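Asker: Quick one: this structure, given as structure tokens, is what I'll be asking you about.
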Protein chains: 2
Amino acid sequence: MSDTARTLTEIAVERLSADIVNGVLVPEQKLLIAELKERYDMGASPLREALSQLSSQGFVVADSRRGFRVAAISREDLEDITRLRQLVELAALRDALAAGDHEWELGIRAAFARLEGLAAVIKAGRSSAGAHDLEQAHRNLHEAFLAACSSQRMRMVRSILYDQAQRYRQLMLQKTSQDLDEFVDIHRQLVEAILSRNQAQACDSLAEHLDLTLLSVYPDAPAQAETSKTSRSTRVRRQA
Amino acid sequence: MSDTARTLTEIAVERLSADIVNGVLVPEQKLLIAELKERYDMGASPLREALSQLSSQGFVVADSRRGFRVAAISREDLEDITRLRQLVELAALRDALAAGDHEWELGIRAAFARLEGLAAVIKAGRSSAGAHDLEQAHRNLHEAFLAACSSQRMRMVRSILYDQAQRYRQLMLQKTSQDLDEFVDIHRQLVEAILSRNQAQACDSLAEHLDLTLLSVYPDAPAQAETSKTSRSTRVRRQA
DNA sequence: CTATAAAATTTTATCGATAAAAGTCAACAA
DNA sequence: TTGTTGACTTTTATCGATAAAATTTTATAG
């Protein structure tokens, strides 16, 4: 991970993603290579390649011969993301529940402990830990849930969709205030449902969790979940 | 589509895909930029960009600072592809069945008619139409099935997975002989099940169809389908 | 003969410059 | 005024060269 061991393209991907997710580069904004060269202080080649990669990741759209722009956002788009997330992520969770061993459980516990710890530190206020670390811990926890899923591709698709949803979560953050305790609580429940190997409850919790991003950003959107027979509460808490 | 209106990168993506799918570039083969420059008679930049795109499409793997190679193939990989295909494609089909209108049906009929016609022409022997046209018609038919699916992303994922599976189908073609009539018959049944709006049957047929690629290439592989309650025949016919 | 280190080679990653295409604007004709 | 043509500007796509990194080979010491 040392700076010298990374290519400029990798750095460009990272910085561009960050700026897009954080809304510095706003949806539909045209991405002029010339401007980006200035902003990130690098040549055109790594930027082009980075943009090309980001477009297959859904952050950027490439118009042949017409350059790049930041991907648009819309309620329909987030609904689409949420729907596919639920489809793939629940299937992956079922698989992980069936296949997960002790080590998998330890990974989940460790990831949750870290999330919990970070939340406490942030709440206390004194620490350099910030929203970015919490976000990273959140991502790691969700990754840990599916670590035992045998499908490489499901995990990959999940990861990409997570990032796409992250953009919406971030945009929403600017409006809504966070309740850290509730955030941790929701994940505690998820972790407990998963570790207790209660498939129905775990899937319901996860589906609901995924709906939360959608509902937080577009409160009147229809929930996408259609996962299980059990009814579930649909009140909005915090984003997924 | 005129040659002048396409960028070299687009041409490179197309030719590289074709060569990878057709096995000219064999799995795990290292892709030296210098060699590719010769072979395709273009500069390094469009090739690099093409390889980068293909790697997000799963045809090529990129090792940071270590160049590119053709993605490996394995039975596990095809099982993984098949599983995700079934998950996503069946969900998309259900959606299309619920939402599809008359125009959608017409699209399916037209695509099937074309497939049928091409098969007849090919069987008759005299015509310039070849396997490539049939493959294109096959792709179009499957695309037509899901044209009414409201999820942009599901259609996208399906399309990528179709291409990945296509590579295995092609590799298998070299061993197995084709039965054109059976190929058309299978699709006729699929089309009928879909147009009759029989969800259970349509889903079963499609799931079975997807399993066929897997079973054709690896005859002793376990079928991935777990879609419906109805039991289905599992005899091998022709690849999906 | 093996293991390490240095040199040589191969290969990738990046840059700066140029050519080609698209988009813009103004002049002119209807 | 409105529409169309053509020059002008902006922007992308591509190339060839170079720098940086990794790999392989060779040489040398133990």
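Labels used: A, B, ... for chains in the order of the structure tokens, numbers from 1 for residues in each chain, and numbers from 1 for ligands as shown.
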Please report, as JSON, numbers by chain, each residue of region 20-209 of chain A to which DSSP assigns helix (DSSP H, G or I) when run on this structure's backbone.
Answerer: {"A": [20, 21, 33, 34, 35, 36, 37, 38, 39, 40, 44, 45, 46, 47, 48, 49, 50, 51, 52, 53, 54, 55, 56, 57, 75, 76, 77, 78, 79, 80, 81, 82, 83, 84, 85, 86, 87, 88, 89, 90, 91, 92, 93, 94, 95, 96, 97, 98, 99, 102, 103, 104, 105, 106, 107, 108, 109, 110, 111, 112, 113, 114, 115, 116, 117, 118, 119, 120, 121, 122, 123, 124, 131, 132, 133, 134, 135, 136, 137, 138, 139, 140, 141, 142, 143, 144, 145, 152, 153, 154, 155, 156, 157, 158, 159, 160, 161, 162, 163, 164, 165, 166, 167, 168, 169, 170, 171, 172, 173, 180, 181, 182, 183, 184, 185, 186, 187, 188, 189, 190, 191, 192, 193, 194, 195, 199, 200, 201, 202, 203, 204, 205, 206, 207, 208, 209]}
Asker: Output C-alpha atoms for every residue in the selection just made, as a CSV table (one decimal), in the first residue's frame.
Answerer:
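part_24.csv was written with the following content:
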```
chain,number,residue,atom,x,y,z
A,20,ILE,CA,-17.8,11.4,-6.8
A,21,VAL,CA,-19.1,9.7,-3.7
A,33,ILE,CA,-9.6,15.6,-18.9
A,34,ALA,CA,-7.8,19.0,-19.0
A,35,GLU,CA,-9.4,20.1,-15.7
A,36,LEU,CA,-8.8,16.7,-14.1
A,37,LYS,CA,-5.2,16.9,-15.0
A,38,GLU,CA,-4.9,20.2,-13.1
A,39,ARG,CA,-6.9,19.1,-10.2
A,40,TYR,CA,-5.1,15.8,-9.6
A,44,ALA,CA,-4.1,12.3,-19.2
A,45,SER,CA,-3.4,8.6,-19.6
A,46,PRO,CA,-4.0,7.5,-16.0
A,47,LEU,CA,-7.0,9.7,-15.9
A,48,ARG,CA,-8.5,8.2,-19.0
A,49,GLU,CA,-7.9,4.7,-17.7
A,50,ALA,CA,-9.3,5.5,-14.3
A,51,LEU,CA,-12.5,7.0,-15.9
A,52,SER,CA,-12.8,4.0,-18.1
A,53,GLN,CA,-12.7,1.7,-15.0
A,54,LEU,CA,-15.1,3.9,-13.1
A,55,SER,CA,-17.6,3.7,-15.9
A,56,SER,CA,-17.7,0.0,-15.7
A,57,GLN,CA,-18.2,0.5,-12.0
A,75,ARG,CA,-34.9,7.6,-7.4
A,76,GLU,CA,-35.5,5.0,-10.1
A,77,ASP,CA,-31.8,4.3,-10.2
A,78,LEU,CA,-31.6,3.8,-6.4
A,79,GLU,CA,-34.6,1.6,-6.6
A,80,ASP,CA,-32.9,-0.5,-9.2
A,81,ILE,CA,-29.7,-0.7,-7.2
A,82,THR,CA,-31.7,-1.7,-4.1
A,83,ARG,CA,-33.7,-4.4,-5.9
A,84,LEU,CA,-30.6,-6.1,-7.3
A,85,ARG,CA,-28.8,-5.7,-4.0
A,86,GLN,CA,-31.6,-7.5,-2.2
A,87,LEU,CA,-31.8,-10.3,-4.8
A,88,VAL,CA,-28.1,-11.0,-4.8
A,89,GLU,CA,-27.2,-10.2,-1.2
A,90,LEU,CA,-29.9,-12.3,0.3
A,91,ALA,CA,-29.0,-15.2,-1.9
A,92,ALA,CA,-25.4,-14.8,-0.9
A,93,LEU,CA,-26.4,-14.5,2.8
A,94,ARG,CA,-28.3,-17.8,2.6
A,95,ASP,CA,-25.3,-19.4,1.1
A,96,ALA,CA,-23.0,-18.0,3.7
A,97,LEU,CA,-25.4,-19.1,6.5
A,98,ALA,CA,-25.3,-22.6,5.1
A,99,ALA,CA,-21.5,-22.8,4.6
A,102,HIS,CA,-16.3,-20.8,13.1
A,103,GLU,CA,-13.8,-18.6,11.4
A,104,TRP,CA,-16.5,-16.8,9.5
A,105,GLU,CA,-18.3,-16.1,12.8
A,106,LEU,CA,-15.1,-14.8,14.3
A,107,GLY,CA,-14.7,-12.5,11.3
A,108,ILE,CA,-18.2,-11.1,11.8
A,109,ARG,CA,-17.6,-10.6,15.5
A,110,ALA,CA,-14.4,-8.8,14.9
A,111,ALA,CA,-15.8,-6.5,12.3
A,112,PHE,CA,-18.7,-5.7,14.5
A,113,ALA,CA,-16.5,-5.0,17.4
A,114,ARG,CA,-14.5,-2.6,15.4
A,115,LEU,CA,-17.7,-0.8,14.2
A,116,GLU,CA,-18.9,-0.6,17.7
A,117,GLY,CA,-15.6,0.6,19.0
A,118,LEU,CA,-15.3,3.3,16.4
A,119,ALA,CA,-18.8,4.5,17.0
A,120,ALA,CA,-18.0,4.9,20.7
A,121,VAL,CA,-14.7,6.7,20.0
A,122,ILE,CA,-16.4,9.0,17.6
A,123,LYS,CA,-19.2,9.7,20.0
A,124,ALA,CA,-16.7,10.6,22.7
A,131,ALA,CA,-16.9,9.3,9.3
A,132,HIS,CA,-14.5,7.7,6.8
A,133,ASP,CA,-13.3,5.2,9.2
A,134,LEU,CA,-16.8,4.3,10.3
A,135,GLU,CA,-17.8,3.9,6.7
A,136,GLN,CA,-14.9,1.6,6.2
A,137,ALA,CA,-15.8,-0.5,9.2
A,138,HIS,CA,-19.4,-0.6,7.9
A,139,ARG,CA,-18.2,-1.9,4.6
A,140,ASN,CA,-16.0,-4.5,6.2
A,141,LEU,CA,-18.8,-5.7,8.4
A,142,HIS,CA,-21.1,-6.3,5.4
A,143,GLU,CA,-18.2,-8.0,3.6
A,144,ALA,CA,-17.7,-10.2,6.6
A,145,PHE,CA,-21.3,-11.3,6.5
A,152,GLN,CA,-17.1,-15.2,-6.0
A,153,ARG,CA,-19.3,-13.3,-8.4
A,154,MET,CA,-22.1,-12.7,-5.9
A,155,ARG,CA,-19.6,-11.1,-3.6
A,156,MET,CA,-18.2,-9.0,-6.4
A,157,VAL,CA,-21.6,-7.8,-7.6
A,158,ARG,CA,-22.5,-7.0,-4.0
A,159,SER,CA,-19.4,-5.0,-3.6
A,160,ILE,CA,-20.0,-2.9,-6.7
A,161,LEU,CA,-23.6,-2.3,-5.7
A,162,TYR,CA,-22.6,-1.3,-2.2
A,163,ASP,CA,-20.4,1.4,-3.7
A,164,GLN,CA,-23.1,2.6,-5.9
A,165,ALA,CA,-25.5,2.8,-3.0
A,166,GLN,CA,-22.8,4.5,-0.9
A,167,ARG,CA,-23.0,7.5,-3.2
A,168,TYR,CA,-26.6,8.0,-2.4
A,169,ARG,CA,-26.0,7.4,1.3
A,170,GLN,CA,-23.4,10.1,1.2
A,171,LEU,CA,-25.6,12.6,-0.6
A,172,MET,CA,-28.2,12.0,2.0
A,173,LEU,CA,-25.9,12.5,4.9
A,180,LEU,CA,-24.9,6.6,15.9
A,181,ASP,CA,-26.4,4.5,18.6
A,182,GLU,CA,-29.3,3.4,16.4
A,183,PHE,CA,-26.8,2.7,13.6
A,184,VAL,CA,-24.8,0.4,15.9
A,185,ASP,CA,-28.0,-1.2,17.2
A,186,ILE,CA,-29.3,-2.1,13.8
A,187,HIS,CA,-26.1,-3.8,13.0
A,188,ARG,CA,-26.0,-5.6,16.3
A,189,GLN,CA,-29.4,-7.1,15.6
A,190,LEU,CA,-28.2,-8.1,12.1
A,191,VAL,CA,-25.1,-9.7,13.6
A,192,GLU,CA,-27.2,-11.6,16.1
A,193,ALA,CA,-29.7,-12.8,13.6
A,194,ILE,CA,-26.9,-14.1,11.4
A,195,LEU,CA,-24.8,-15.7,14.2
A,199,GLN,CA,-32.1,-17.6,8.1
A,200,ALA,CA,-35.6,-16.1,7.9
A,201,GLN,CA,-34.8,-13.4,10.5
A,202,ALA,CA,-31.4,-12.7,9.1
A,203,CYS,CA,-32.7,-12.3,5.6
A,204,ASP,CA,-35.5,-10.1,6.8
A,205,SER,CA,-33.2,-7.9,8.7
A,206,LEU,CA,-30.8,-7.6,5.8
A,207,ALA,CA,-33.6,-6.8,3.3
A,208,GLU,CA,-34.9,-4.2,5.6
A,209,HIS,CA,-31.5,-2.8,6.2
```
Asker: Sort by chain and increasing residue number a table of all residues of chain C within 12 Å of chain A, each with its closest pair of atoms and their distance in Å to one decimal, counting only C-alpha atoms (C1' of nucleotides), and write it as a Markdown table.
Answerer:
```
| residue | atom | partner | partner_atom | distance |
| --- | --- | --- | --- | --- |
| C:DT12 | C1' | A:Thr7 | CA | 10.4 |
| C:DA13 | C1' | A:Thr7 | CA | 7.4 |
| C:DT14 | C1' | A:Ser45 | CA | 7.0 |
| C:DC15 | C1' | A:Gly43 | CA | 6.3 |
| C:DG16 | C1' | A:Gly43 | CA | 8.8 |
| C:DA20 | C1' | A:Arg65 | CA | 10.6 |
| C:DA21 | C1' | A:Arg65 | CA | 7.6 |
| C:DA22 | C1' | A:Arg66 | CA | 7.6 |
| C:DG23 | C1' | A:Arg66 | CA | 10.0 |
```
Asker: Could you work out how far CA of Gly58 (chain B) lies from CA of Pro27 (chain B), giving the answer in Å with one decimal?
Answerer: 11.8 Å
Asker: Taking only C-alpha atoms (C1' of nucleotides) into account, report as JSON, numbers by chain which residues of chain D lie within 9 Å of chain A.
Answerer: {"D": [11, 12, 13]}
Asker: Could the residues in this selection be saved with N, CA and C atoms (P, O5', C5', C4', C3', O3' and C1' of nucleotides) as a PDB file, in the first residue's frame?
Answerer:
```
ATOM      1  P    DT D  11     -13.396  22.548 -23.482  1.00  0.00           P
ATOM      2  O5'  DT D  11     -13.185  21.069 -24.041  1.00  0.00           O
ATOM      3  C5'  DT D  11     -14.275  20.413 -24.705  1.00  0.00           C
ATOM      4  C4'  DT D  11     -13.788  19.102 -25.245  1.00  0.00           C
ATOM      5  C3'  DT D  11     -12.868  18.333 -24.286  1.00  0.00           C
ATOM      6  O3'  DT D  11     -13.499  17.132 -23.940  1.00  0.00           O
ATOM      7  C1'  DT D  11     -12.024  18.329 -26.500  1.00  0.00           C
ATOM      8  P    DT D  12     -12.776  15.974 -23.132  1.00  0.00           P
ATOM      9  O5'  DT D  12     -12.571  14.864 -24.252  1.00  0.00           O
ATOM     10  C5'  DT D  12     -13.656  14.558 -25.137  1.00  0.00           C
ATOM     11  C4'  DT D  12     -13.153  13.730 -26.284  1.00  0.00           C
ATOM     12  C3'  DT D  12     -12.483  12.428 -25.873  1.00  0.00           C
ATOM     13  O3'  DT D  12     -12.973  11.401 -26.722  1.00  0.00           O
ATOM     14  C1'  DT D  12     -11.032  13.663 -27.253  1.00  0.00           C
ATOM     15  P    DA D  13     -12.699   9.891 -26.428  1.00  0.00           P
ATOM     16  O5'  DA D  13     -11.534   9.583 -27.467  1.00  0.00           O
ATOM     17  C5'  DA D  13     -11.806   9.716 -28.843  1.00  0.00           C
ATOM     18  C4'  DA D  13     -10.571   9.373 -29.651  1.00  0.00           C
ATOM     19  C3'  DA D  13      -9.885   8.066 -29.262  1.00  0.00           C
ATOM     20  O3'  DA D  13      -9.585   7.388 -30.473  1.00  0.00           O
ATOM     21  C1'  DA D  13      -8.333   9.860 -29.157  1.00  0.00           C
TER      22       DA D  13
END
```
Asker: With a distance cut-off of 12 Å and only C-alpha atoms (C1' of nucleotides), select the neighbouring residues of DA5 (chain C), excluding the residue or stretch itself and same-chain residues fewer than 6 positions from it, and output the selection as a PDB file with C-alpha atoms (C1' of nucleotides), in the first residue's frame.
Answerer:
```pdb
ATOM      1  C1'  DT D  26      24.872 -13.902 -15.169  1.00  0.00           C
ATOM      2  C1'  DA D  27      28.605 -13.606 -12.046  1.00  0.00           C
ATOM      3  C1'  DT D  28      30.609 -14.356  -7.767  1.00  0.00           C
ATOM      4  C1'  DA D  29      31.224 -15.878  -2.940  1.00  0.00           C
TER       5       DA D  29
END
```
Asker: Identify all residues of region 3-178 of chain B in strand (DSSP E or B) (DSSP on the backbone) and supply them as a PyMOL selection string.
Answerer: chain B and resi 30-31+60-62+68-70
Asker: Restricting the output to C-alpha atoms, write the selected residues as a short mmCIF file (atom, residue, chain, number, x, y, z; two decimals), in the first residue's frame.
Answerer:
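Output file selection-v8.cif is given in full below:
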```cif
data_model
loop_
_atom_site.label_atom_id
_atom_site.label_comp_id
_atom_site.auth_asym_id
_atom_site.auth_seq_id
_atom_site.Cartn_x
_atom_site.Cartn_y
_atom_site.Cartn_z
CA LYS B 30 -0.17 -13.62 -21.02
CA LEU B 31 -1.22 -10.67 -23.13
CA VAL B 60 -9.16 -10.55 -18.89
CA VAL B 61 -7.52 -10.25 -15.51
CA ALA B 62 -5.23 -7.36 -14.75
CA PHE B 68 -2.79 -8.64 -18.38
CA ARG B 69 -3.67 -12.22 -19.06
CA VAL B 70 -6.67 -14.08 -20.44
#
```
Asker: Rounded to one decimal, what separation in Å do you get between CA of Leu210 (chain A) and CA of Ser196 (chain A)?
Answerer: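 Interatomic distance here is 20.2 Å.
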